[in-house]
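The structure file structure39.txt is reproduced below (compact mmCIF, C-alpha atoms and all ligand atoms).
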# COMPACT_ATOMS: atom_id res chain seq x y z
CA MET A 104 -19.73 -28.08 7.21
CA ALA A 105 -20.98 -26.88 10.55
CA GLU A 106 -18.29 -26.51 13.17
CA LEU A 107 -18.18 -28.85 16.14
CA ALA A 108 -18.61 -27.11 19.48
CA PRO A 109 -15.34 -26.61 21.36
CA THR A 110 -14.58 -28.78 24.39
CA VAL A 111 -14.52 -27.15 27.83
CA ALA A 112 -12.20 -28.81 30.34
CA VAL A 113 -13.43 -28.59 33.94
CA ILE A 114 -11.10 -29.17 36.89
CA GLY A 115 -12.89 -30.76 39.83
CA GLY A 116 -15.72 -33.27 39.97
CA GLY A 117 -18.03 -31.69 42.55
CA GLN A 118 -21.64 -30.58 42.20
CA LEU A 119 -20.74 -27.32 40.47
CA ALA A 120 -19.15 -29.21 37.58
CA ARG A 121 -22.13 -31.57 37.59
CA MET A 122 -24.53 -28.65 37.27
CA MET A 123 -22.45 -27.15 34.42
CA ALA A 124 -23.13 -30.37 32.53
CA GLU A 125 -26.87 -29.59 32.32
CA PRO A 126 -26.61 -26.42 30.15
CA ALA A 127 -23.60 -27.94 28.36
CA ALA A 128 -25.85 -30.79 27.23
CA ALA A 129 -28.59 -28.36 26.20
CA LEU A 130 -26.14 -26.26 24.18
CA GLY A 131 -24.30 -29.25 22.72
CA ILE A 132 -20.99 -28.28 24.32
CA PRO A 133 -18.76 -31.23 25.25
CA LEU A 134 -17.17 -31.17 28.71
CA ARG A 135 -14.01 -33.00 29.72
CA LEU A 136 -13.67 -33.56 33.43
CA LEU A 137 -10.75 -33.93 35.77
CA ALA A 138 -12.28 -35.81 38.71
CA GLU A 139 -10.49 -36.32 42.01
CA ALA A 140 -11.86 -39.85 42.31
CA GLU A 141 -14.00 -42.27 40.36
CA GLY A 142 -17.74 -41.83 40.71
CA VAL A 143 -17.69 -38.35 42.30
CA SER A 144 -20.67 -36.07 41.66
CA ALA A 145 -19.77 -34.73 38.20
CA ALA A 146 -18.06 -37.95 37.13
CA GLN A 147 -21.52 -39.58 37.15
CA VAL A 148 -22.73 -37.33 34.33
CA VAL A 149 -19.66 -36.37 32.25
CA PRO A 150 -18.49 -39.36 30.21
CA ASP A 151 -15.25 -37.76 28.94
CA GLN A 152 -13.26 -37.86 32.15
CA LEU A 153 -9.88 -38.43 33.69
CA VAL A 154 -9.28 -39.29 37.32
CA GLY A 155 -6.24 -37.57 38.74
CA ASP A 156 -4.67 -34.99 40.99
CA TYR A 157 -5.23 -31.32 40.10
CA ARG A 158 -1.92 -30.50 41.83
CA ASP A 159 -0.03 -32.48 39.16
CA LEU A 160 0.84 -30.31 36.15
CA ASP A 161 1.12 -33.30 33.81
CA VAL A 162 -2.41 -34.38 34.72
CA LEU A 163 -3.62 -30.84 34.00
CA ARG A 164 -1.84 -30.95 30.63
CA ARG A 165 -3.55 -34.22 29.76
CA VAL A 166 -7.04 -33.04 30.60
CA THR A 167 -6.65 -29.74 28.74
CA ALA A 168 -5.02 -31.17 25.59
CA GLY A 169 -7.28 -30.28 22.67
CA ALA A 170 -9.79 -28.38 24.84
CA ALA A 171 -10.65 -24.80 23.86
CA VAL A 172 -10.64 -23.54 27.44
CA VAL A 173 -10.19 -24.80 30.96
CA THR A 174 -12.38 -23.72 33.86
CA PHE A 175 -12.94 -24.82 37.44
CA ASP A 176 -15.28 -26.41 39.94
CA HIS A 177 -13.02 -25.19 42.80
CA GLU A 178 -10.27 -22.69 43.37
CA HIS A 179 -7.51 -24.98 44.60
CA VAL A 180 -5.40 -25.50 41.45
CA PRO A 181 -1.92 -24.10 42.25
CA THR A 182 -1.43 -20.67 40.69
CA GLU A 183 1.96 -21.66 39.22
CA HIS A 184 0.35 -24.55 37.31
CA LEU A 185 -2.23 -22.19 35.85
CA ARG A 186 0.55 -19.84 34.75
CA ALA A 187 2.39 -22.77 33.15
CA LEU A 188 -0.75 -23.89 31.28
CA GLN A 189 -1.39 -20.37 30.10
CA ALA A 190 2.23 -20.00 28.89
CA GLU A 191 1.69 -23.23 26.91
CA GLY A 192 -1.29 -21.64 25.15
CA VAL A 193 -4.20 -23.09 27.16
CA ALA A 194 -6.98 -20.51 27.66
CA THR A 195 -7.42 -20.56 31.43
CA ARG A 196 -10.72 -18.97 32.46
CA PRO A 197 -10.58 -17.35 34.89
CA GLY A 198 -6.84 -16.80 34.48
CA PRO A 199 -4.27 -17.16 37.26
CA GLU A 200 -3.90 -13.41 37.82
CA ALA A 201 -7.64 -13.19 38.54
CA LEU A 202 -8.01 -16.50 40.38
CA VAL A 203 -5.31 -15.73 42.94
CA HIS A 204 -7.75 -13.19 44.46
CA ALA A 205 -10.19 -16.02 45.19
CA GLN A 206 -7.39 -18.28 46.47
CA ASP A 207 -5.55 -15.95 48.80
CA LYS A 208 -7.53 -13.74 51.19
CA ALA A 209 -4.54 -11.47 51.94
CA VAL A 210 -3.93 -10.81 48.22
CA MET A 211 -7.67 -10.16 47.81
CA ARG A 212 -7.79 -7.70 50.73
CA ARG A 213 -4.76 -5.75 49.42
CA ARG A 214 -6.31 -5.46 45.96
CA LEU A 215 -9.67 -4.32 47.34
CA ALA A 216 -7.90 -1.61 49.33
CA GLU A 217 -6.03 -0.46 46.19
CA LEU A 218 -9.33 -0.27 44.33
CA GLY A 219 -10.91 1.69 47.18
CA LEU A 220 -13.65 -0.92 47.67
CA PRO A 221 -15.20 -1.27 51.13
CA CYS A 222 -13.96 -4.15 53.35
CA PRO A 223 -13.65 -4.97 57.02
CA ARG A 224 -10.52 -3.54 58.69
CA ASN A 225 -7.84 -6.22 58.32
CA ALA A 226 -4.14 -7.05 58.68
CA VAL A 227 -1.87 -10.04 58.16
CA VAL A 228 -0.70 -11.09 61.64
CA ALA A 229 2.47 -13.07 62.40
CA ASP A 230 1.68 -14.18 65.96
CA VAL A 231 -0.71 -13.82 68.88
CA ALA A 232 0.98 -10.60 70.02
CA GLU A 233 0.11 -9.02 66.70
CA VAL A 234 -3.51 -10.16 67.10
CA GLU A 235 -3.57 -8.44 70.51
CA ALA A 236 -2.25 -5.28 68.87
CA PHE A 237 -4.98 -5.60 66.19
CA GLY A 238 -7.62 -5.85 68.90
CA PHE A 239 -10.28 -8.28 70.21
CA PRO A 240 -12.84 -9.43 69.33
CA CYS A 241 -11.75 -10.28 65.82
CA VAL A 242 -11.94 -12.95 63.15
CA LEU A 243 -8.84 -14.90 62.14
CA LYS A 244 -8.63 -16.62 58.77
CA THR A 245 -6.00 -18.73 57.11
CA THR A 246 -5.07 -16.86 53.94
CA ARG A 247 -5.43 -19.95 51.74
CA GLY A 248 -7.27 -23.24 51.71
CA GLY A 249 -10.39 -22.33 53.76
CA TYR A 250 -13.95 -23.12 52.65
CA ASP A 251 -17.38 -23.49 54.24
CA GLY A 252 -16.17 -21.86 57.47
CA LYS A 253 -13.11 -24.11 57.78
CA GLY A 254 -10.11 -21.90 58.37
CA VAL A 255 -12.14 -19.19 60.19
CA TRP A 256 -11.91 -18.53 63.96
CA PHE A 257 -13.92 -16.03 66.00
CA VAL A 258 -11.60 -14.99 68.83
CA ARG A 259 -12.08 -12.97 71.99
CA ASP A 260 -8.68 -13.40 73.61
CA ALA A 261 -5.12 -14.60 73.10
CA ALA A 262 -5.89 -18.23 74.03
CA GLU A 263 -8.58 -18.47 71.38
CA ALA A 264 -6.17 -17.11 68.77
CA GLU A 265 -3.66 -19.97 69.11
CA PRO A 266 -5.44 -22.61 66.97
CA ALA A 267 -5.42 -20.35 63.91
CA PHE A 268 -1.62 -20.13 64.03
CA THR A 269 -1.25 -23.87 64.52
CA ALA A 270 -3.51 -24.55 61.53
CA ALA A 271 -1.73 -21.93 59.40
CA ALA A 272 1.71 -23.32 60.28
CA ASP A 273 0.57 -26.86 59.41
CA ALA A 274 -0.74 -25.66 56.05
CA GLY A 275 2.22 -23.36 55.35
CA VAL A 276 -0.01 -20.28 55.00
CA GLU A 277 -0.46 -16.96 56.81
CA VAL A 278 -3.14 -15.64 59.16
CA LEU A 279 -5.33 -12.65 58.35
CA ALA A 280 -7.07 -10.74 61.15
CA GLU A 281 -10.33 -8.92 60.44
CA GLU A 282 -12.59 -6.78 62.57
CA LEU A 283 -15.68 -8.68 63.74
CA VAL A 284 -18.36 -7.12 61.58
CA ASP A 285 -21.71 -6.50 63.24
CA PHE A 286 -23.80 -7.31 60.20
CA ARG A 287 -27.54 -7.20 59.59
CA ARG A 288 -27.26 -9.98 57.04
CA GLU A 289 -25.08 -11.44 54.32
CA LEU A 290 -25.64 -10.53 50.69
CA SER A 291 -24.20 -11.89 47.49
CA ALA A 292 -23.71 -10.07 44.20
CA LEU A 293 -23.13 -12.41 41.29
CA VAL A 294 -21.94 -11.40 37.84
CA ALA A 295 -20.74 -13.21 34.74
CA ARG A 296 -18.07 -11.64 32.54
CA SER A 297 -16.65 -12.75 29.21
CA PRO A 298 -13.09 -12.23 27.88
CA SER A 299 -14.35 -9.59 25.47
CA GLY A 300 -15.73 -7.67 28.43
CA GLN A 301 -19.48 -8.26 28.28
CA ALA A 302 -20.94 -8.57 31.77
CA ALA A 303 -24.30 -9.53 33.25
CA ALA A 304 -25.29 -8.82 36.87
CA TYR A 305 -27.85 -10.97 38.68
CA PRO A 306 -30.17 -9.46 41.29
CA VAL A 307 -28.46 -9.15 44.69
CA VAL A 308 -29.54 -11.95 47.04
CA ALA A 309 -29.61 -12.48 50.81
CA SER A 310 -27.92 -15.59 52.18
CA THR A 311 -28.07 -17.22 55.58
CA GLN A 312 -25.14 -19.29 56.85
CA LEU A 313 -25.24 -21.98 59.53
CA ASP A 314 -21.87 -22.97 60.99
CA GLY A 315 -20.11 -21.23 58.11
CA ILE A 316 -22.08 -23.15 55.45
CA CYS A 317 -24.54 -21.42 53.13
CA HIS A 318 -27.97 -22.65 54.13
CA GLU A 319 -30.65 -20.50 52.53
CA VAL A 320 -30.78 -17.86 49.77
CA VAL A 321 -33.61 -15.45 48.98
CA ALA A 322 -33.62 -13.78 45.57
CA PRO A 323 -33.84 -10.85 45.42
CA ALA A 324 -32.76 -9.79 48.94
CA PRO A 325 -36.00 -8.68 50.67
CA ASP A 326 -36.25 -4.98 51.59
CA LEU A 327 -32.85 -4.17 50.19
CA ASP A 328 -32.42 -0.46 49.65
CA ASP A 329 -32.15 0.25 45.89
CA GLU A 330 -29.06 2.34 46.40
CA LEU A 331 -27.28 -0.46 48.33
CA ALA A 332 -28.35 -3.02 45.71
CA SER A 333 -26.83 -0.89 42.93
CA GLN A 334 -23.69 -0.37 44.98
CA ALA A 335 -23.33 -4.12 45.50
CA GLN A 336 -23.76 -4.80 41.77
CA HIS A 337 -21.34 -2.01 40.98
CA VAL A 338 -18.71 -3.49 43.34
CA ALA A 339 -19.08 -6.89 41.65
CA LEU A 340 -18.89 -5.45 38.12
CA THR A 341 -15.87 -3.30 39.08
CA LEU A 342 -14.07 -6.30 40.56
CA ALA A 343 -14.88 -8.49 37.54
CA LYS A 344 -13.41 -5.85 35.23
CA GLU A 345 -10.41 -4.78 37.32
CA LEU A 346 -9.36 -8.35 38.15
CA ASP A 347 -10.12 -9.43 34.57
CA VAL A 348 -12.41 -12.24 35.71
CA THR A 349 -13.84 -14.53 33.04
CA GLY A 350 -16.83 -16.64 34.00
CA VAL A 351 -18.92 -16.19 37.11
CA LEU A 352 -17.73 -14.03 39.99
CA ALA A 353 -19.61 -14.18 43.29
CA VAL A 354 -18.96 -11.36 45.74
CA GLU A 355 -20.07 -12.21 49.27
CA LEU A 356 -20.91 -9.07 51.20
CA PHE A 357 -21.94 -7.97 54.66
CA GLU A 358 -24.78 -5.49 54.97
CA THR A 359 -23.94 -3.66 58.19
CA ASN A 360 -26.52 -2.46 60.68
CA ASP A 361 -25.64 1.11 59.78
CA GLY A 362 -26.50 0.60 56.10
CA ARG A 363 -23.13 -0.05 54.44
CA ILE A 364 -21.85 -2.96 52.42
CA LEU A 365 -18.43 -4.55 52.99
CA VAL A 366 -16.83 -7.21 50.80
CA ASN A 367 -16.19 -10.48 52.62
CA GLU A 368 -15.17 -13.07 50.04
CA LEU A 369 -14.76 -13.66 46.31
CA ALA A 370 -15.47 -16.87 44.39
CA MET A 371 -14.64 -17.23 40.70
CA ARG A 372 -16.94 -20.03 39.65
CA PRO A 373 -20.64 -20.74 39.97
CA HIS A 374 -21.53 -20.26 43.62
CA ASN A 375 -24.04 -21.65 46.11
CA THR A 376 -25.68 -18.21 46.36
CA GLY A 377 -26.44 -18.50 42.62
CA HIS A 378 -28.18 -21.90 42.64
CA TRP A 379 -31.56 -20.13 42.66
CA THR A 380 -30.84 -19.01 39.07
CA GLN A 381 -31.33 -22.56 37.77
CA ASP A 382 -35.08 -22.18 38.19
CA GLY A 383 -35.56 -18.52 39.05
CA ALA A 384 -33.61 -16.65 36.34
CA VAL A 385 -33.88 -16.56 32.55
CA THR A 386 -30.29 -17.86 32.27
CA SER A 387 -28.72 -19.90 35.06
CA GLN A 388 -25.31 -19.07 36.49
CA PHE A 389 -24.06 -22.40 35.12
CA GLU A 390 -25.09 -21.54 31.57
CA ASN A 391 -23.69 -18.02 31.82
CA HIS A 392 -20.45 -19.42 33.20
CA LEU A 393 -20.10 -21.65 30.12
CA ARG A 394 -21.11 -18.85 27.76
CA ALA A 395 -18.62 -16.50 29.43
CA VAL A 396 -15.63 -18.84 29.35
CA LEU A 397 -16.34 -19.54 25.66
CA ASP A 398 -16.75 -15.81 24.97
CA LEU A 399 -20.31 -16.31 23.72
CA PRO A 400 -22.91 -13.57 24.24
CA LEU A 401 -24.29 -13.79 27.77
CA GLY A 402 -27.88 -14.69 28.58
CA SER A 403 -30.29 -12.52 30.51
CA PRO A 404 -29.79 -12.62 34.30
CA ALA A 405 -33.34 -11.32 34.87
CA PRO A 406 -35.53 -13.16 37.39
CA ARG A 407 -38.46 -15.14 35.97
CA GLU A 408 -40.57 -14.82 39.08
CA ARG A 409 -41.00 -12.31 41.87
CA TRP A 410 -39.22 -14.49 44.46
CA THR A 411 -37.03 -17.56 44.44
CA VAL A 412 -35.94 -19.30 47.64
CA MET A 413 -33.11 -21.82 47.64
CA VAL A 414 -32.49 -24.07 50.62
CA ASN A 415 -29.57 -26.48 50.77
CA VAL A 416 -30.11 -30.12 51.59
CA LEU A 417 -27.48 -31.20 54.09
CA GLY A 418 -26.97 -34.64 55.56
CA GLY A 419 -28.57 -34.78 59.02
CA PRO A 420 -26.93 -36.35 62.07
CA ASP A 421 -26.57 -40.14 61.93
CA ARG A 422 -28.67 -42.49 64.07
CA GLU A 423 -26.92 -44.26 66.92
CA ASP A 424 -26.35 -47.30 64.73
CA GLY A 425 -24.50 -45.10 62.24
CA THR A 426 -27.19 -45.11 59.52
CA ALA A 427 -28.19 -41.79 57.98
CA VAL A 428 -31.53 -40.25 59.00
CA GLY A 429 -31.74 -38.16 55.83
CA ARG A 430 -33.46 -39.06 52.58
CA LEU A 431 -32.36 -38.92 48.98
CA TYR A 432 -34.44 -40.62 46.28
CA ASP A 433 -36.68 -42.13 48.96
CA GLY A 434 -37.69 -38.58 49.88
CA TYR A 435 -39.04 -37.87 46.39
CA PRO A 436 -42.60 -39.26 46.67
CA HIS A 437 -43.57 -36.99 49.57
CA ALA A 438 -41.62 -33.92 48.40
CA MET A 439 -42.97 -34.13 44.87
CA ALA A 440 -46.55 -34.94 45.85
CA ARG A 441 -46.71 -32.16 48.42
CA ASP A 442 -45.38 -29.50 46.08
CA PRO A 443 -45.55 -30.10 42.33
CA ARG A 444 -43.90 -26.73 41.67
CA LEU A 445 -40.84 -27.52 43.78
CA ARG A 446 -37.55 -27.88 41.90
CA VAL A 447 -35.24 -30.52 43.40
CA HIS A 448 -31.51 -30.82 42.66
CA LEU A 449 -29.63 -33.72 44.22
CA TYR A 450 -25.95 -34.18 43.48
CA GLY A 451 -25.50 -37.95 43.47
CA LYS A 452 -23.56 -37.74 46.73
CA GLU A 453 -23.91 -40.07 49.69
CA LEU A 454 -25.44 -38.71 52.87
CA ARG A 455 -22.97 -37.71 55.53
CA PRO A 456 -23.69 -35.46 58.50
CA GLY A 457 -23.37 -31.83 57.45
CA ARG A 458 -22.48 -32.63 53.83
CA LYS A 459 -24.18 -30.64 51.06
CA VAL A 460 -26.01 -33.27 49.01
CA GLY A 461 -28.46 -31.09 47.12
CA HIS A 462 -30.74 -28.08 47.18
CA VAL A 463 -34.33 -27.16 46.43
CA ASN A 464 -35.72 -24.07 44.74
CA ALA A 465 -39.24 -22.72 45.24
CA TYR A 466 -40.42 -19.72 43.27
CA GLY A 467 -43.59 -17.65 43.14
CA ASP A 468 -45.26 -14.36 44.00
CA ASP A 469 -45.50 -14.87 47.74
CA LEU A 470 -42.25 -14.90 49.70
CA GLU A 471 -43.68 -16.55 52.81
CA ASP A 472 -45.11 -19.37 50.70
CA CYS A 473 -41.79 -19.90 48.90
CA LEU A 474 -39.92 -19.96 52.21
CA GLU A 475 -42.33 -22.49 53.71
CA ARG A 476 -42.21 -24.80 50.69
CA ALA A 477 -38.43 -24.74 50.30
CA ARG A 478 -37.76 -25.10 54.04
CA HIS A 479 -40.24 -27.94 54.39
CA ALA A 480 -38.68 -29.87 51.52
CA ALA A 481 -35.11 -29.34 52.76
CA ALA A 482 -36.09 -30.41 56.29
CA TRP A 483 -37.83 -33.46 54.84
CA PHE A 484 -34.75 -34.57 52.89
CA ARG A 485 -32.57 -33.89 55.91
CA GLY A 486 -34.71 -36.22 58.00
CA ASP A 487 -35.96 -33.55 60.42
CA LEU A 488 -39.58 -34.39 59.54
CA GLY A 489 -41.43 -37.68 59.51
CA ASN A 490 -38.87 -39.56 61.63
CA GLU A 491 -40.53 -38.64 64.94
CA SER A 492 -41.94 -42.10 65.63
CA GLU A 493 -38.55 -43.79 65.37
P1 LIG B 501 -14.93 -19.27 53.80
O1 LIG B 501 -13.55 -19.35 53.27
O2 LIG B 501 -15.34 -20.44 54.61
O3 LIG B 501 -15.95 -18.91 52.73
P2 LIG B 501 -15.54 -16.67 54.94
O4 LIG B 501 -14.46 -15.66 54.94
O5 LIG B 501 -16.62 -16.50 53.93
O6 LIG B 501 -14.87 -18.10 54.86
O7 LIG B 501 -16.21 -16.76 56.37
C1 LIG B 501 -17.24 -17.68 56.71
C2 LIG B 501 -18.35 -17.00 57.48
O8 LIG B 501 -17.84 -16.41 58.69
C3 LIG B 501 -18.98 -15.83 56.72
O9 LIG B 501 -19.98 -16.25 55.86
C4 LIG B 501 -19.53 -14.99 57.88
O10 LIG B 501 -20.75 -15.51 58.35
C5 LIG B 501 -18.48 -15.16 58.96
N1 LIG B 501 -17.46 -14.07 58.89
C6 LIG B 501 -16.37 -14.04 58.09
N2 LIG B 501 -15.66 -12.90 58.25
C7 LIG B 501 -16.29 -12.18 59.19
C8 LIG B 501 -16.06 -10.89 59.80
N3 LIG B 501 -15.00 -10.16 59.50
N4 LIG B 501 -16.96 -10.47 60.72
C9 LIG B 501 -18.04 -11.22 61.04
N5 LIG B 501 -18.32 -12.43 60.53
C10 LIG B 501 -17.46 -12.92 59.59
With the file now loaded, output its structure as C-alpha cells.
Amino acid sequence: MAELAPTVAVIGGGQLARMMAEPAAALGIPLRLLAEAEGVSAAQVVPDQLVGDYRDLDVLRRVTAGAAVVTFDHEHVPTEHLRALQAEGVATRPGPEALVHAQDKAVMRRRLAELGLPCPRNAVVADVAEVEAFGFPCVLKTTRGGYDGKGVWFVRDAAEAEPAFTAAADAGVEVLAEELVDFRRELSALVARSPSGQAAAYPVVASTQLDGICHEVVAPAPDLDDELASQAQHVALTLAKELDVTGVLAVELFETNDGRILVNELAMRPHNTGHWTQDGAVTSQFENHLRAVLDLPLGSPAPRERWTVMVNVLGGPDREDGTAVGRLYDGYPHAMARDPRLRVHLYGKELRPGRKVGHVNAYGDDLEDCLERARHAAAWFRGDLGNESE
C-alpha cells in the first residue's frame, strides 16, 4: 500500500505558515499547526491545529507528537525547549544549534567572525560608557527578540544610547553595538538546504526597507556585479553548511558603496525577501522549505521570468474616526481589472496601521513596468490611491 505522507508540525500561525500550506496542499503533505490564538493567519487554512503558547514545552510536545518533523514560522521558540524536543527524538528542522544563530545576534556575530565571513565591526556593550568607547555614530541592537526594526537604535551620542539599555534590561538580554554601515543598498541571499546536504541558491535580490520593515524586493538585484552576486550566494551556502541549517536560510546583506558585501542578519525560515519566488521562481521558497525539512530532493530555484518585483501591502494610517483607509477584498476589482497578470497574496489579517497584511508580485521582461504595476497595486490596497475625494 502506498505510504501516507508524513505530517509536518509548524510552530507559529503567521503568514509564513499560511503560505507553507499552499505547496503542502499541492504535494499532499499534512501540516499540524501550533497557533498563538484562534483565527490567526495560518489557522484559517490549516485544519489540524492547536492553540497554545510556544514557550510551553508540554504544548510543543503535544503539537509534535506523531509528526515527522517540526519547523517554524518564527524564531522565538526557546532554544532549551528545542534541545529537549530533539533529545526526545523529534526531528527539529532547523535544529537548535543552527537556530540560535538566528535568535541571538551576538552568537551570530561571533560565529561569522570565526568563519571569516564579512560583517560590520561589532561588540557586545555593557553600558553607555562602552558605547562611547566603541564610537559614534553606531547602531545598537538588543541581542534577542528584535524584528522588523524593533530592537534597533541609530545613535549619535550617549543620550540616544540610553533607550537601548533600558529595553535590553527589561527583556533580560544584552546590547550589541555595530558600526553604522554606509550602504548602497540591502541585498538578500536565500538558500534551501536539506539534512542530507543538498542545497539550492536563489538569485540574489535587492530589498528596500521603510522604518525597518521590508517594503519592496527586486529579483534579481539590478546591476549587481556577477562577482558580488556569487560571493553573496557563497556566503549563504557556507553558512547553511557550517551552521547545519535545514530548510530555508535567508542572509540579509549590505552592499557597501565601495563594492563589498557585509552580513547583517540571518533568518532560518521562509523570508519576506523570498516572497517573489511564489510567482517568479520554478519552485517557491515555501515549497523548498517543506522539501528541505522532509529531506526530499529540492526544486529548481531558477527564475521563470527576467524580473519579479514584490511589494508588501501594509495597513495605511487610520482615518480620524479610527476606520482603516486601506483595502483588502474590496480592493480586488480595481487591482485585478487593471492588471490581469498581477499576483495578489493577502494573509487573512485585519488592517492595522503599518501591519503587513499581504504582498503583490509582478513579473515580466521590463523592470520599470513590473515596478509600476506592483507599486500601484500595493499603494491601492494601502489606500494611498483613490481616496483623494474623501
Ligand atoms: P531586525 O531584527 O529588525 O531584522 P536588523 O538587524 O535587520 O533588525 O536591522 C533593521 C534594519 O536596520 C536593517 O534592515 C538596516 O536597514 C538597518 N541596519 C541594521 N544594522 C545596520 C548597520 N550596522 N548599519 C546601518 N544600518 C543598519
Using all atoms listed in the file, find the one residue out of A:His179, A:Arg363, A:Arg296, A:Arg407 that sits nearest to Ala332 of chain A.
->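 The shortest atom-to-atom distance to Ala332 of chain A comes from A:Arg363.
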For chain A against ligand LIG 501 (chain B), with a cut-off of 9 Å and counting only C-alpha atoms and all ligand atoms, what is the closest atom pair and its distance in Å to one decimal for every residue that makes the cut, ordered by chain and number, as CSV?
residue,atom,partner,partner_atom,distance
A:Lys208,CA,B:LIG501,O4,8.1
A:Cys222,CA,B:LIG501,N3,8.7
A:Pro223,CA,B:LIG501,N3,5.9
A:Arg224,CA,B:LIG501,N3,8.0
A:Asn225,CA,B:LIG501,N3,8.3
A:Cys241,CA,B:LIG501,N3,7.1
A:Val242,CA,B:LIG501,N3,5.5
A:Leu243,CA,B:LIG501,N2,8.1
A:Lys244,CA,B:LIG501,O4,7.0
A:Thr245,CA,B:LIG501,O1,8.5
A:Thr246,CA,B:LIG501,O1,8.9
A:Arg247,CA,B:LIG501,O1,8.3
A:Gly248,CA,B:LIG501,O1,7.6
A:Gly249,CA,B:LIG501,O1,4.4
A:Tyr250,CA,B:LIG501,O2,3.6
A:Asp251,CA,B:LIG501,O2,3.7
A:Gly252,CA,B:LIG501,O2,3.3
A:Lys253,CA,B:LIG501,O2,5.3
A:Gly254,CA,B:LIG501,O2,6.6
A:Val255,CA,B:LIG501,O6,6.1
A:Trp256,CA,B:LIG501,O8,8.2
A:Phe257,CA,B:LIG501,N5,7.9
A:Ala280,CA,B:LIG501,N3,8.1
A:Glu281,CA,B:LIG501,N3,4.9
A:Glu282,CA,B:LIG501,N3,5.2
A:Leu283,CA,B:LIG501,N4,3.7
A:Val284,CA,B:LIG501,N4,3.7
A:Asp285,CA,B:LIG501,C9,6.4
A:Phe286,CA,B:LIG501,C9,7.0
A:Arg288,CA,B:LIG501,O10,8.6
A:Glu289,CA,B:LIG501,O9,7.2
A:Ser310,CA,B:LIG501,O9,8.8
A:Thr311,CA,B:LIG501,O10,8.0
A:Gln312,CA,B:LIG501,O10,6.0
A:Leu313,CA,B:LIG501,O10,8.0
A:Asp314,CA,B:LIG501,C2,7.8
A:Gly315,CA,B:LIG501,C2,4.6
A:Ile316,CA,B:LIG501,O9,7.2
A:Cys317,CA,B:LIG501,O9,7.4
A:Glu355,CA,B:LIG501,O5,7.2
A:Leu356,CA,B:LIG501,O9,8.6
A:Phe357,CA,B:LIG501,C4,8.1
A:Asn367,CA,B:LIG501,O4,5.9
A:Glu368,CA,B:LIG501,O5,5.4
A:Leu369,CA,B:LIG501,O5,8.3
A:Ala370,CA,B:LIG501,O3,8.6
Min atom-atom distance to Asp176 of chain A from the set A:Ala303, A:Val308, A:Leu393, A:Leu342, counting only C-alpha atoms, belongs to A:Leu393
Between segment 149-254 of chain A and segment 110-118 of chain A, at 7 Å or less, what are the per-residue closest atom pairs and their distances in Å? Count only C-alpha atoms, order by chain and rising residue number, and return it as a Markdown table.
| residue | atom | partner | partner_atom | distance |
| --- | --- | --- | --- | --- |
| A:Val166 | CA | A:Ala112 | CA | 6.7 |
| A:Thr167 | CA | A:Ala112 | CA | 5.9 |
| A:Ala170 | CA | A:Thr110 | CA | 4.8 |
| A:Ala171 | CA | A:Thr110 | CA | 5.6 |
| A:Val172 | CA | A:Val111 | CA | 5.3 |
| A:Val173 | CA | A:Ala112 | CA | 4.5 |
| A:Thr174 | CA | A:Val113 | CA | 5.0 |
| A:Phe175 | CA | A:Ile114 | CA | 4.8 |
| A:Asp176 | CA | A:Gly115 | CA | 5.0 |
| A:His177 | CA | A:Gly115 | CA | 6.3 |
For the atom pair atom CA of Val428 of chain A and atom CA of Gly486 of chain A, what is the interatomic distance in Å to one decimal place?
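So the two atoms, atom CA of Val428 of chain A and atom CA of Gly486 of chain A, lie 5.2 Å apart.
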Original post:
Pick from A:Val460, A:Ala129, A:Val354, A:Met122: nearest to His378 of chain A, with only C-alpha atoms counted?
Top reply: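 Looking only at the distances to His378 of chain A, the closest residue turns out to be A:Met122.
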Atom CA of Ala482 of chain A to atom CA of Tyr435 of chain A measures 12.7 Å
Repair of segment 333-340 of chain A at the level of N, CA, C and O atoms, as a CSV table (one decimal), in the coordinates of the input:
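Contents of result10.csv, freshly written:
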chain,number,residue,atom,x,y,z
A,333,SER,N,-27.6,-1.4,44.1
A,333,SER,CA,-26.8,-0.9,42.9
A,333,SER,C,-25.4,-0.8,43.3
A,333,SER,O,-24.5,-1.2,42.5
A,334,GLN,N,-25.1,-0.4,44.5
A,334,GLN,CA,-23.7,-0.4,45.0
A,334,GLN,C,-23.1,-1.8,45.0
A,334,GLN,O,-21.9,-2.0,44.5
A,335,ALA,N,-23.8,-2.7,45.4
A,335,ALA,CA,-23.3,-4.1,45.5
A,335,ALA,C,-23.1,-4.6,44.1
A,335,ALA,O,-22.0,-5.2,43.8
A,336,GLN,N,-24.0,-4.4,43.2
A,336,GLN,CA,-23.8,-4.8,41.8
A,336,GLN,C,-22.6,-4.1,41.2
A,336,GLN,O,-21.8,-4.7,40.4
A,337,HIS,N,-22.4,-2.8,41.5
A,337,HIS,CA,-21.3,-2.0,41.0
A,337,HIS,C,-20.0,-2.6,41.5
A,337,HIS,O,-19.0,-2.7,40.7
A,338,VAL,N,-19.9,-2.9,42.8
A,338,VAL,CA,-18.7,-3.5,43.3
A,338,VAL,C,-18.4,-4.8,42.6
A,338,VAL,O,-17.2,-5.0,42.2
A,339,ALA,N,-19.4,-5.6,42.3
A,339,ALA,CA,-19.1,-6.9,41.6
A,339,ALA,C,-18.6,-6.7,40.2
A,339,ALA,O,-17.7,-7.3,39.7
A,340,LEU,N,-19.3,-5.7,39.5
A,340,LEU,CA,-18.9,-5.4,38.1
A,340,LEU,C,-17.5,-4.8,38.1
A,340,LEU,O,-16.7,-5.1,37.2
